[in-house]
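Asks: Just one file: coords.tsv, with TSV, C-alpha atoms.
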chain	number	residue	atom	x	y	z
W	1	MET	CA	-17.40	10.39	7.36
W	2	PHE	CA	-13.92	10.92	8.79
W	3	LEU	CA	-15.22	10.57	12.34
W	4	ALA	CA	-16.89	7.29	11.36
W	5	VAL	CA	-13.59	6.00	9.95
W	6	ASN	CA	-11.81	6.87	13.18
W	7	ILE	CA	-14.48	5.16	15.28
W	8	LEU	CA	-14.36	2.04	13.08
W	9	LEU	CA	-10.56	1.79	13.24
W	10	TRP	CA	-10.43	2.24	17.01
W	11	LEU	CA	-13.22	-0.30	17.48
W	12	VAL	CA	-11.05	-2.82	15.62
W	13	VAL	CA	-8.10	-1.85	17.84
W	14	ALA	CA	-10.26	-2.37	20.95
W	15	VAL	CA	-11.45	-5.84	19.83
W	16	LEU	CA	-7.92	-6.98	18.92
W	17	ALA	CA	-6.44	-5.58	22.15
W	18	PHE	CA	-9.14	-7.40	24.10
W	19	ILE	CA	-8.36	-10.73	22.35
W	20	ALA	CA	-4.64	-10.21	23.01
W	21	ALA	CA	-5.29	-9.33	26.66
W	22	MET	CA	-7.37	-12.51	27.09
W	23	ARG	CA	-4.35	-14.53	25.97
W	24	GLY	CA	-2.07	-12.89	28.50
W	25	ARG	CA	-0.67	-9.63	29.67
W	26	VAL	CA	2.69	-10.19	28.00
W	27	LEU	CA	1.10	-10.54	24.55
W	28	PHE	CA	-1.00	-7.40	25.11
W	29	ASN	CA	2.00	-5.35	26.25
W	30	ALA	CA	4.15	-6.57	23.35
W	31	GLY	CA	1.42	-5.69	20.83
W	32	ALA	CA	0.83	-2.22	22.25
W	33	ARG	CA	4.57	-1.53	22.39
W	34	GLU	CA	5.21	-2.82	18.86
W	35	GLY	CA	2.31	-0.75	17.46
W	36	ALA	CA	3.39	2.44	19.23
W	37	LEU	CA	7.01	2.01	18.08
W	38	GLU	CA	5.88	1.46	14.50
W	39	PHE	CA	3.85	4.68	14.74
W	40	LEU	CA	6.88	6.65	15.94
W	41	ARG	CA	9.04	5.23	13.16
W	42	LEU	CA	6.45	6.22	10.57
W	43	LEU	CA	6.00	9.81	11.82
W	44	PRO	CA	8.87	11.42	9.85
W	45	ARG	CA	7.84	9.60	6.67
W	46	ILE	CA	4.22	10.71	6.94
W	47	GLY	CA	5.29	14.22	7.93
W	48	ALA	CA	7.48	14.62	4.85
W	49	GLY	CA	4.89	13.09	2.51
W	50	VAL	CA	1.78	14.83	3.80
W	51	ILE	CA	3.16	18.28	4.59
W	52	GLY	CA	5.07	18.23	1.31
W	53	SER	CA	2.15	17.10	-0.87
W	54	GLY	CA	0.37	20.47	-0.97
W	55	PHE	CA	3.53	22.33	-1.96
W	56	ILE	CA	4.48	19.75	-4.58
W	57	ALA	CA	0.96	19.90	-6.07
W	58	GLU	CA	1.20	23.69	-6.27
W	59	VAL	CA	4.46	23.70	-8.25
W	60	LEU	CA	3.65	20.79	-10.59
W	61	PRO	CA	3.53	22.21	-14.11
W	62	LYS	CA	-0.21	21.84	-14.71
W	63	ALA	CA	-0.04	22.14	-18.49
W	64	LEU	CA	2.55	19.38	-18.65
W	65	VAL	CA	0.65	17.07	-16.25
W	66	ALA	CA	-2.57	17.59	-18.21
W	67	SER	CA	-0.99	16.87	-21.59
W	68	TRP	CA	0.99	13.80	-20.41
W	69	ILE	CA	-1.50	12.10	-18.11
W	70	GLY	CA	-4.65	14.24	-18.44
W	71	PRO	CA	-8.12	12.82	-19.14
W	72	GLY	CA	-7.44	13.14	-22.87
W	73	SER	CA	-4.10	11.30	-22.76
W	74	GLY	CA	-5.80	7.92	-23.17
W	75	PHE	CA	-3.87	4.67	-23.18
W	76	LEU	CA	-0.49	6.35	-23.69
W	77	GLY	CA	-1.16	8.37	-20.51
W	78	VAL	CA	-1.92	5.13	-18.67
W	79	ILE	CA	1.43	3.68	-19.81
W	80	ILE	CA	3.31	6.83	-18.71
W	81	ALA	CA	1.49	6.82	-15.35
W	82	SER	CA	2.22	3.11	-14.74
W	83	LEU	CA	5.89	3.65	-15.52
W	84	GLY	CA	5.94	6.62	-13.14
W	85	GLY	CA	4.36	4.46	-10.42
W	86	ALA	CA	6.99	1.75	-10.82
W	87	LEU	CA	9.78	4.32	-10.49
W	88	THR	CA	8.32	6.19	-7.48
W	89	PRO	CA	10.05	5.20	-4.23
W	90	GLY	CA	8.10	3.06	-1.74
W	91	GLY	CA	7.01	4.22	1.70
W	92	PRO	CA	3.46	4.52	2.90
W	93	VAL	CA	2.36	7.92	1.55
W	94	VAL	CA	4.66	8.96	-1.29
W	95	GLY	CA	2.61	7.46	-4.12
W	96	PHE	CA	-0.72	8.66	-2.70
W	97	ALA	CA	0.68	12.17	-2.13
W	98	ILE	CA	1.98	12.46	-5.71
W	99	GLY	CA	-1.17	10.86	-7.17
W	100	ALA	CA	-3.42	13.28	-5.30
W	101	ALA	CA	-1.20	16.19	-6.33
W	102	ALA	CA	-1.36	15.11	-9.99
W	103	LEU	CA	-5.16	14.78	-9.78
W	104	LYS	CA	-5.39	18.38	-8.49
W	105	SER	CA	-3.10	19.51	-11.31
W	106	GLY	CA	-5.27	18.12	-14.09
W	107	ALA	CA	-4.39	14.42	-14.39
W	108	GLY	CA	-7.19	12.05	-15.43
W	109	ALA	CA	-8.71	9.64	-12.88
W	110	PRO	CA	-7.91	6.44	-14.88
W	111	GLN	CA	-4.31	7.59	-15.25
W	112	VAL	CA	-4.02	8.33	-11.52
W	113	ILE	CA	-5.52	4.91	-10.74
W	114	ALA	CA	-2.92	3.30	-13.04
W	115	TYR	CA	-0.19	5.29	-11.28
W	116	SER	CA	-1.18	4.37	-7.72
W	117	THR	CA	-1.88	0.74	-8.66
W	118	ALA	CA	1.53	0.35	-10.31
W	119	TRP	CA	3.20	2.08	-7.38
W	120	ALA	CA	1.40	-0.15	-4.86
W	121	LEU	CA	2.12	-3.39	-6.75
W	122	TYR	CA	5.60	-3.03	-8.15
W	123	ALA	CA	7.41	0.10	-7.08
W	124	ILE	CA	10.92	-1.22	-7.74
W	125	HIS	CA	12.31	0.40	-4.61
W	126	ARG	CA	9.78	-1.43	-2.41
W	127	LEU	CA	10.36	-4.81	-4.09
W	128	VAL	CA	14.08	-4.61	-3.41
W	129	ILE	CA	14.01	-3.06	0.07
W	130	TRP	CA	11.04	-4.86	1.66
W	131	GLU	CA	9.85	-7.82	-0.26
W	132	VAL	CA	13.03	-9.60	-1.35
W	133	PRO	CA	14.55	-9.77	2.17
W	134	LEU	CA	11.30	-11.20	3.61
W	135	MET	CA	10.07	-13.53	0.85
W	136	PRO	CA	11.54	-16.16	-1.47
W	137	PRO	CA	12.94	-14.05	-4.35
W	138	ARG	CA	11.36	-16.28	-7.02
W	139	VAL	CA	7.91	-15.65	-5.56
W	140	VAL	CA	8.61	-11.91	-5.47
W	141	TRP	CA	9.57	-11.83	-9.17
W	142	LEU	CA	6.65	-14.09	-10.10
W	143	ARG	CA	4.29	-11.73	-8.26
W	144	ALA	CA	5.80	-8.65	-9.90
W	145	ALA	CA	5.61	-10.26	-13.36
W	146	VAL	CA	1.94	-11.29	-13.09
W	147	SER	CA	1.15	-7.80	-11.68
W	148	LEU	CA	2.42	-6.03	-14.82
W	149	PRO	CA	-0.99	-5.91	-16.59
W	150	LEU	CA	-3.02	-5.01	-13.46
W	151	PRO	CA	-2.69	-1.17	-13.61
W	152	PHE	CA	-3.92	-1.30	-17.21
W	153	ILE	CA	-6.91	-3.46	-16.26
W	154	ALA	CA	-7.77	-1.08	-13.37
W	155	ALA	CA	-7.46	1.97	-15.63
W	156	GLY	CA	-9.50	0.22	-18.33
W	157	MET	CA	-12.27	-0.49	-15.81
W	158	ALA	CA	-12.17	3.16	-14.71
W	159	MET	CA	-12.59	4.29	-18.34
W	160	LEU	CA	-15.35	1.76	-18.97
W	161	LEU	CA	-17.33	2.72	-15.86
W	162	ALA	CA	-16.50	6.44	-16.27
W	163	GLN	CA	-15.90	6.59	-12.52
W	164	PRO	CA	-14.48	8.17	-10.35
S	1	MET	CA	16.87	-23.70	5.06
S	2	THR	CA	13.26	-23.09	6.04
S	3	GLU	CA	11.91	-21.12	8.94
S	4	ALA	CA	8.39	-20.26	10.04
S	5	THR	CA	9.01	-16.56	10.61
S	6	PRO	CA	11.74	-14.90	8.59
S	7	PRO	CA	13.80	-12.38	10.58
S	8	ARG	CA	12.70	-8.76	10.49
S	9	PRO	CA	15.12	-6.28	9.02
S	10	ARG	CA	15.89	-3.33	11.25
S	11	ARG	CA	13.98	-0.25	10.27
S	12	ARG	CA	15.53	3.19	10.43
S	13	ALA	CA	13.42	6.18	11.45
S	14	PHE	CA	14.59	8.20	8.45
S	15	ASP	CA	15.42	6.62	5.14
S	16	TRP	CA	16.61	7.93	1.79
S	17	SER	CA	13.23	7.99	0.06
S	18	THR	CA	11.85	10.11	2.92
S	19	ALA	CA	14.87	12.40	2.71
S	20	ALA	CA	14.37	12.75	-1.06
S	21	ILE	CA	10.68	13.61	-0.67
S	22	ALA	CA	11.49	16.07	2.13
S	23	ALA	CA	14.08	17.76	-0.09
S	24	VAL	CA	11.64	18.03	-3.02
S	25	ALA	CA	8.92	19.36	-0.67
S	26	ALA	CA	11.30	21.96	0.81
S	27	ALA	CA	12.32	23.12	-2.68
S	28	ALA	CA	8.65	23.34	-3.72
S	29	ALA	CA	7.80	25.27	-0.53
S	30	ALA	CA	10.66	27.73	-1.13
S	31	ALA	CA	9.59	28.23	-4.75
S	32	ILE	CA	6.01	29.02	-3.66
S	33	TYR	CA	7.23	31.45	-0.99
S	34	VAL	CA	9.31	33.34	-3.56
S	35	ARG	CA	6.76	33.16	-6.40
S	36	ASP	CA	3.46	33.71	-4.59
S	37	GLY	CA	4.46	35.32	-1.31
S	38	ARG	CA	4.04	34.57	2.36
S	39	GLU	CA	0.24	34.59	2.41
S	40	HIS	CA	-0.17	31.80	-0.14
S	41	PHE	CA	2.67	29.79	1.43
S	42	LEU	CA	0.98	29.88	4.86
S	43	ALA	CA	-2.41	28.91	3.39
S	44	ILE	CA	-0.96	25.74	1.80
S	45	PHE	CA	1.11	24.96	4.88
S	46	GLY	CA	-1.99	25.29	7.08
S	47	SER	CA	-4.09	22.90	4.98
S	48	ASP	CA	-1.23	20.35	4.82
S	49	LEU	CA	-0.83	20.53	8.60
S	50	THR	CA	-4.57	19.95	9.04
S	51	LEU	CA	-4.38	16.87	6.79
S	52	PHE	CA	-1.39	15.62	8.79
S	53	GLY	CA	-3.23	16.12	12.08
S	54	GLU	CA	-6.31	14.31	10.78
S	55	MET	CA	-4.20	11.33	9.70
S	56	LEU	CA	-2.34	10.81	12.98
S	57	PRO	CA	-5.06	9.04	15.03
S	58	LYS	CA	-5.81	6.77	12.03
S	59	VAL	CA	-2.16	5.92	11.55
S	60	LEU	CA	-1.72	5.08	15.24
S	61	ALA	CA	-4.83	2.85	15.08
S	62	GLY	CA	-3.49	1.18	11.92
S	63	CYS	CA	-0.13	0.47	13.57
S	64	LEU	CA	-1.77	-1.06	16.65
S	65	ILE	CA	-4.11	-3.19	14.50
S	66	GLY	CA	-1.13	-4.47	12.51
S	67	ALA	CA	0.88	-5.32	15.63
S	68	PHE	CA	-1.98	-7.15	17.39
S	69	VAL	CA	-3.11	-9.10	14.32
S	70	THR	CA	0.42	-10.31	13.61
S	71	MET	CA	0.53	-11.71	17.15
S	72	ILE	CA	-2.85	-13.40	17.38
S	73	LEU	CA	-3.32	-14.64	13.79
S	74	PRO	CA	-3.74	-18.44	13.59
S	75	ARG	CA	-1.31	-18.86	10.68
S	76	GLU	CA	-1.53	-22.65	10.47
S	77	LEU	CA	-5.30	-22.47	9.99
S	78	VAL	CA	-4.98	-19.88	7.23
S	79	ALA	CA	-2.27	-21.88	5.47
S	80	ARG	CA	-4.54	-24.95	5.44
S	81	TRP	CA	-7.34	-22.92	3.79
S	82	VAL	CA	-5.11	-21.64	1.00
S	83	GLY	CA	-2.94	-24.74	0.50
S	84	HIS	CA	-1.89	-26.54	-2.68
S	85	GLU	CA	-5.21	-28.32	-3.23
S	86	SER	CA	-7.36	-25.28	-2.50
S	87	GLY	CA	-8.29	-24.53	-6.14
S	88	PHE	CA	-10.32	-21.46	-7.10
S	89	PRO	CA	-11.95	-21.12	-3.64
S	90	GLY	CA	-8.40	-20.96	-2.23
S	91	LEU	CA	-7.75	-17.86	-4.35
S	92	LEU	CA	-10.99	-16.26	-3.12
S	93	ILE	CA	-10.13	-17.04	0.51
S	94	ALA	CA	-6.59	-15.70	0.05
S	95	ALA	CA	-7.96	-12.50	-1.50
S	96	PHE	CA	-10.44	-12.16	1.37
S	97	PHE	CA	-7.66	-12.52	3.96
S	98	GLY	CA	-5.67	-9.87	2.09
S	99	PHE	CA	-8.64	-7.52	2.42
S	100	LEU	CA	-9.01	-8.34	6.12
S	101	LEU	CA	-5.40	-8.29	7.29
S	102	PRO	CA	-4.00	-4.91	8.22
S	103	GLY	CA	-0.46	-3.70	8.60
S	104	GLY	CA	2.40	-2.36	6.56
S	105	PRO	CA	5.00	-4.29	4.55
S	106	ILE	CA	6.82	-5.22	7.72
S	107	THR	CA	3.88	-7.28	8.95
S	108	ILE	CA	2.44	-8.62	5.71
S	109	TYR	CA	5.49	-10.12	4.01
S	110	PRO	CA	6.52	-12.27	6.99
S	111	VAL	CA	2.93	-13.56	7.14
S	112	ALA	CA	2.95	-14.31	3.41
S	113	GLY	CA	6.36	-15.99	3.73
S	114	ALA	CA	5.05	-18.11	6.59
S	115	PHE	CA	2.06	-19.17	4.44
S	116	LEU	CA	4.48	-20.46	1.80
S	117	VAL	CA	6.53	-22.38	4.36
S	118	MET	CA	3.34	-23.95	5.72
S	119	GLY	CA	2.27	-25.18	2.29
S	120	ALA	CA	0.19	-22.44	0.67
S	121	ASP	CA	0.61	-22.39	-3.10
S	122	ALA	CA	2.33	-19.42	-4.74
S	123	GLY	CA	-0.85	-18.47	-6.65
S	124	ALA	CA	-2.76	-18.03	-3.39
S	125	VAL	CA	0.12	-16.05	-1.86
S	126	VAL	CA	0.19	-13.76	-4.92
S	127	ALA	CA	-3.60	-13.24	-4.63
S	128	PHE	CA	-3.17	-12.53	-0.91
S	129	ILE	CA	-0.44	-9.89	-1.34
S	130	THR	CA	-2.21	-8.26	-4.32
S	131	SER	CA	-5.47	-8.07	-2.40
S	132	TRP	CA	-3.79	-6.66	0.70
S	133	THR	CA	-2.03	-4.07	-1.45
S	134	LEU	CA	-5.03	-2.94	-3.48
S	135	ILE	CA	-8.17	-3.50	-1.41
S	136	GLY	CA	-6.91	-3.89	2.19
S	137	TYR	CA	-9.24	-1.80	4.32
S	138	THR	CA	-6.71	-0.33	6.79
S	139	ARG	CA	-4.44	0.79	3.98
S	140	ALA	CA	-7.33	2.54	2.24
S	141	LEU	CA	-8.78	4.10	5.39
S	142	VAL	CA	-5.49	5.15	6.99
S	143	TRP	CA	-3.43	6.26	4.01
S	144	GLU	CA	-5.48	6.74	0.89
S	145	LEU	CA	-8.72	8.33	2.11
S	146	PRO	CA	-7.13	11.51	3.55
S	147	PHE	CA	-5.54	12.29	0.18
S	148	PHE	CA	-8.26	11.31	-2.27
S	149	GLY	CA	-11.58	11.47	-0.40
S	150	PRO	CA	-14.25	8.75	-0.24
S	151	HIS	CA	-15.64	8.98	-3.82
S	152	PHE	CA	-12.31	8.34	-5.52
S	153	VAL	CA	-11.17	5.65	-3.05
S	154	ILE	CA	-14.43	3.67	-3.20
S	155	TRP	CA	-14.41	3.60	-7.01
S	156	ARG	CA	-10.72	2.73	-7.17
S	157	ILE	CA	-11.35	-0.22	-4.86
S	158	VAL	CA	-14.39	-1.38	-6.86
S	159	GLU	CA	-12.24	-1.36	-9.99
S	160	ALA	CA	-9.47	-3.27	-8.18
S	161	LEU	CA	-11.78	-6.07	-6.91
S	162	PRO	CA	-11.05	-8.58	-9.73
S	163	LEU	CA	-7.29	-7.92	-9.75
S	164	PRO	CA	-6.17	-10.25	-6.91
S	165	ILE	CA	-7.97	-13.18	-8.57
S	166	ILE	CA	-6.48	-12.32	-11.99
S	167	ALA	CA	-2.98	-12.12	-10.46
S	168	GLY	CA	-3.46	-15.43	-8.61
S	169	LEU	CA	-4.71	-17.18	-11.76
S	170	LEU	CA	-1.82	-15.80	-13.85
S	171	ALA	CA	0.64	-17.00	-11.20
S	172	ARG	CA	-0.89	-20.50	-11.25
S	173	ILE	CA	-0.71	-20.56	-15.06
S	174	ALA	CA	2.97	-19.56	-14.86
S	175	LEU	CA	3.61	-22.28	-12.26
S	176	ARG	CA	1.91	-24.89	-14.43
S	177	ALA	CA	3.98	-23.71	-17.40
S	178	GLY	CA	7.09	-24.64	-15.47
S	179	VAL	CA	8.14	-21.60	-13.43
S	180	ARG	CA	9.68	-23.09	-10.32
S	181	VAL	CA	9.27	-21.56	-6.86
S	182	THR	CA	10.40	-22.84	-3.50
S	183	ALA	CA	9.70	-21.75	0.04
S	184	GLU	CA	13.37	-21.22	0.67
S	185	ARG	CA	14.59	-17.68	0.95
S	186	ASN	CA	18.23	-18.23	0.10
S	187	GLU	CA	18.77	-20.36	-2.95
Once more with this new file: its structure as structure tokens, please.

Replies:
Amino acid sequence: MFLAVNILLWLVVAVLAFIAAMRGRVLFNAGAREGALEFLRLLPRIGAGVIGSGFIAEVLPKALVASWIGPGSGFLGVIIASLGGALTPGGPVVGFAIGAAALKSGAGAPQVIAYSTAWALYAIHRLVIWEVPLMPPRVVWLRAAVSLPLPFIAAGMAMLLAQP
Amino acid sequence: MTEATPPRPRRRAFDWSTAAIAAVAAAAAAAIYVRDGREHFLAIFGSDLTLFGEMLPKVLAGCLIGAFVTMILPRELVARWVGHESGFPGLLIAAFFGFLLPGGPITIYPVAGAFLVMGADAGAVVAFITSWTLIGYTRALVWELPFFGPHFVIWRIVEALPLPIIAGLLARIALRAGVRVTAERNE
């Protein structure tokens, strides 16, 4: 499974690199350089998030996690989880690391889905740091506002389908 | 003031949210060392390191995909497909492009901003960003899969499928109700 994912991703890289190379060496070099630099910039963030996630999961107070956002916490748990997602800082792995840690500590799947969906869509930190400088602010706030119900819809679907 | 590609902000290698997470992780690691002893500490550290090692080739691939796509994407063509008159199919196309396009925030927001400048409607742009955020394949494969495993990720994505369309429709309703947006970044 994980090998297949790696092969798929690198196949996509190969196709894109080939298209870029066909359009000129400069474009190819710039793309490879930009991608490698981005990777180096991300390394400390991923390192902190991934290597920390196991330790954080181990010290999370399991009884508290289970009672607040456990499978029996219902809609209130979904609200708490969505709020937590909005307040979690951005960055590529933080929300996934905490969500996975909470799942291991007894959180319910719909609640974790609400958490990671809220974090992905409107983590306040990400809106301010990334989106506002790069997009018209009115579009950013419109997007955040219409995204408010989405974690609840996702969690509701998860409860309805009883999966994952 | 309109421009096709908004300037990129400089990115630092180490930011405050990373520092905060690192501090919390270090405190958690110290607590485990004291509470459970060296053996347990090393077991957790070993499995986290393995996860980190497994992620690295995927992350490098994801970064390269993002960089190449940003350079070779025919933005004008995309903007025409998701423009003002695109209707419901425009939302579907925008959501599909969100699924297809890789890259982190640094690559996606300039693309979305460029769509707006080239005449895409805000509803389609909202559907595009929502789709990229929730069902984008590189994001799921590179970042989410190592933490949650395939069963959880596949079901989460299935349950997220209608969300980009819902967000796009809500945005269009808000626009029709009089919410004003412009393509200008500094108002």

Asks: Ranking W:Lys104, W:Arg41, W:Arg33, W:Arg126 by minimum distance to chain S and counting all atoms listed in the file, which one comes first?

Replies: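 Closest residue, counting all atoms listed in the file: W:Arg41.
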
Asks: Using all atoms listed in the file, find each residue of chain W with at least one atom at most 7 Å away from an atom of chain S; report its shortest atom-to-atom pair and that distance in Å (one decimal), sort the rows by chain and rising residue number, and return the result as JSON lines.

Replies:
{"residue": "W:Val5", "atom": "CA", "partner": "S:Leu141", "partner_atom": "CA", "distance": 6.9}
{"residue": "W:Asn6", "atom": "CA", "partner": "S:Lys58", "partner_atom": "CA", "distance": 6.1}
{"residue": "W:Leu9", "atom": "CA", "partner": "S:Ala61", "partner_atom": "CA", "distance": 6.1}
{"residue": "W:Trp10", "atom": "CA", "partner": "S:Ala61", "partner_atom": "CA", "distance": 6.0}
{"residue": "W:Val13", "atom": "CA", "partner": "S:Ile65", "partner_atom": "CA", "distance": 5.4}
{"residue": "W:Leu16", "atom": "CA", "partner": "S:Phe68", "partner_atom": "CA", "distance": 6.1}
{"residue": "W:Ala17", "atom": "CA", "partner": "S:Phe68", "partner_atom": "CA", "distance": 6.7}
{"residue": "W:Ala20", "atom": "CA", "partner": "S:Ile72", "partner_atom": "CA", "distance": 6.7}
{"residue": "W:Gly31", "atom": "CA", "partner": "S:Phe68", "partner_atom": "CA", "distance": 5.1}
{"residue": "W:Ala32", "atom": "CA", "partner": "S:Leu64", "partner_atom": "CA", "distance": 6.3}
{"residue": "W:Glu34", "atom": "CA", "partner": "S:Ala67", "partner_atom": "CA", "distance": 6.0}
{"residue": "W:Gly35", "atom": "CA", "partner": "S:Leu64", "partner_atom": "CA", "distance": 4.2}
{"residue": "W:Ala36", "atom": "CA", "partner": "S:Leu64", "partner_atom": "CA", "distance": 6.7}
{"residue": "W:Glu38", "atom": "CA", "partner": "S:Cys63", "partner_atom": "CA", "distance": 6.2}
{"residue": "W:Phe39", "atom": "CA", "partner": "S:Leu60", "partner_atom": "CA", "distance": 5.6}
{"residue": "W:Arg41", "atom": "CA", "partner": "S:Ala13", "partner_atom": "CA", "distance": 4.8}
{"residue": "W:Pro44", "atom": "CA", "partner": "S:Phe14", "partner_atom": "CA", "distance": 6.7}
{"residue": "W:Arg45", "atom": "CA", "partner": "S:Thr18", "partner_atom": "CA", "distance": 5.5}
{"residue": "W:Gly47", "atom": "CA", "partner": "S:Phe52", "partner_atom": "CA", "distance": 6.9}
{"residue": "W:Ala48", "atom": "CA", "partner": "S:Ala22", "partner_atom": "CA", "distance": 5.1}
{"residue": "W:Gly49", "atom": "CA", "partner": "S:Ile21", "partner_atom": "CA", "distance": 6.6}
{"residue": "W:Val50", "atom": "CA", "partner": "S:Phe52", "partner_atom": "CA", "distance": 6.0}
{"residue": "W:Ile51", "atom": "CA", "partner": "S:Asp48", "partner_atom": "CA", "distance": 4.9}
{"residue": "W:Gly52", "atom": "CA", "partner": "S:Ala25", "partner_atom": "CA", "distance": 4.5}
{"residue": "W:Gly54", "atom": "CA", "partner": "S:Asp48", "partner_atom": "CA", "distance": 6.0}
{"residue": "W:Phe55", "atom": "CA", "partner": "S:Ala29", "partner_atom": "CA", "distance": 5.4}
{"residue": "W:Ile56", "atom": "CA", "partner": "S:Ala28", "partner_atom": "CA", "distance": 5.6}
{"residue": "W:Val59", "atom": "CA", "partner": "S:Ala28", "partner_atom": "CA", "distance": 6.2}
{"residue": "W:Pro89", "atom": "CA", "partner": "S:Ser17", "partner_atom": "CA", "distance": 6.0}
{"residue": "W:Val93", "atom": "CA", "partner": "S:Trp143", "partner_atom": "CA", "distance": 6.5}
{"residue": "W:Phe96", "atom": "CA", "partner": "S:Glu144", "partner_atom": "CA", "distance": 6.3}
{"residue": "W:Ala97", "atom": "CA", "partner": "S:Phe147", "partner_atom": "CA", "distance": 6.6}
{"residue": "W:Ala100", "atom": "CA", "partner": "S:Phe147", "partner_atom": "CA", "distance": 6.0}
{"residue": "W:Ile113", "atom": "CA", "partner": "S:Arg156", "partner_atom": "CA", "distance": 6.7}
{"residue": "W:Ala120", "atom": "CA", "partner": "S:Thr133", "partner_atom": "CA", "distance": 6.2}
{"residue": "W:Leu121", "atom": "CA", "partner": "S:Thr133", "partner_atom": "CA", "distance": 6.8}
{"residue": "W:Trp130", "atom": "CA", "partner": "S:Pro105", "partner_atom": "CA", "distance": 6.7}
{"residue": "W:Glu131", "atom": "CA", "partner": "S:Tyr109", "partner_atom": "CA", "distance": 6.5}
{"residue": "W:Leu134", "atom": "CA", "partner": "S:Tyr109", "partner_atom": "CA", "distance": 5.9}
{"residue": "W:Met135", "atom": "CA", "partner": "S:Gly113", "partner_atom": "CA", "distance": 5.3}
{"residue": "W:Pro136", "atom": "CA", "partner": "S:Arg185", "partner_atom": "CA", "distance": 4.2}
{"residue": "W:Pro137", "atom": "CA", "partner": "S:Arg185", "partner_atom": "CA", "distance": 6.6}
{"residue": "W:Arg138", "atom": "CA", "partner": "S:Val181", "partner_atom": "CA", "distance": 5.7}
{"residue": "W:Val139", "atom": "CA", "partner": "S:Val181", "partner_atom": "CA", "distance": 6.2}
{"residue": "W:Leu142", "atom": "CA", "partner": "S:Ala171", "partner_atom": "CA", "distance": 6.8}
{"residue": "W:Arg143", "atom": "CA", "partner": "S:Val126", "partner_atom": "CA", "distance": 5.7}
{"residue": "W:Val146", "atom": "CA", "partner": "S:Ala167", "partner_atom": "CA", "distance": 5.6}
{"residue": "W:Ser147", "atom": "CA", "partner": "S:Ala167", "partner_atom": "CA", "distance": 6.1}
{"residue": "W:Leu150", "atom": "CA", "partner": "S:Leu163", "partner_atom": "CA", "distance": 6.4}
{"residue": "W:Ala154", "atom": "CA", "partner": "S:Glu159", "partner_atom": "CA", "distance": 5.6}
{"residue": "W:Met157", "atom": "CA", "partner": "S:Glu159", "partner_atom": "CA", "distance": 5.9}
{"residue": "W:Ala158", "atom": "CA", "partner": "S:Glu159", "partner_atom": "CA", "distance": 6.5}
{"residue": "W:Gln163", "atom": "CA", "partner": "S:Trp155", "partner_atom": "CA", "distance": 6.4}
{"residue": "W:Pro164", "atom": "CA", "partner": "S:Phe152", "partner_atom": "CA", "distance": 5.3}

Asks: For Gly108 (chain W), which residue among W:Val94, W:Ala162, W:Ile129, W:Leu83 is the nearest when counting all atoms listed in the file?

Replies: W:Ala162

Asks: For Phe28 (chain W), which residue out of W:Leu60, W:Leu40, W:Leu103, W:Ala14 is the nearest one, using only C-alpha atoms?

Replies: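 With only C-alpha atoms as the atom set, the closest residue is W:Ala14.
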
Asks: How many Å separate CA of Ala123 (chain W) from CA of Ala63 (chain W)?

Replies: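 Separation of CA of Ala123 (chain W) and CA of Ala63 (chain W): 25.9 Å.
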
Asks: Could you name the residues that touch Gly85 (chain W) at 7 Å or less, counting all atoms listed in the file, but leaving out those on the same chain fewer than 2 positions away, as number ranges by chain?

Replies: W: 81-83, 87-88, 115-116, 118-119, 123

Asks: Just need the box for region 134-141 of chain S, edges along x, y and z, holding every atom the file lists for it with 3 Å tacked onto each side, so centre and edge lengths in Å to one decimal, as AutoDock Vina command-line options.

Replies:
--center_x -6.8 --center_y 0.1 --center_z 1.7 --size_x 10.8 --size_y 14.0 --size_z 16.3

Asks: Please report the interatomic distance between CA of Ile46 (chain W) and CA of Ala101 (chain W) in Å with one decimal.

Replies: 15.3 Å

Asks: In Å to one decimal, how far is CA of Ala124 (chain S) from CA of Leu91 (chain S)?

Replies: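 If I compute the distance from CA of Leu91 (chain S) to CA of Ala124 (chain S), I get 5.1 Å.
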
Asks: Please, which residues are within 12 Å of (-0.8, 19.2, -17.1) by the file's coordinates, counting all atoms listed in the file, and could they come as a list in words?

Replies: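 Residues close enough to count: Ala57, Glu58, Val59, Leu60, Pro61, Lys62, Ala63, Leu64, Val65, Ala66, Ser67, Trp68, Ile69, Gly70, Pro71, Gly72, Ser73, Gly77, Ala101, Ala102, Leu103, Lys104, Ser105, Gly106, Ala107 and Gly108 of chain W.
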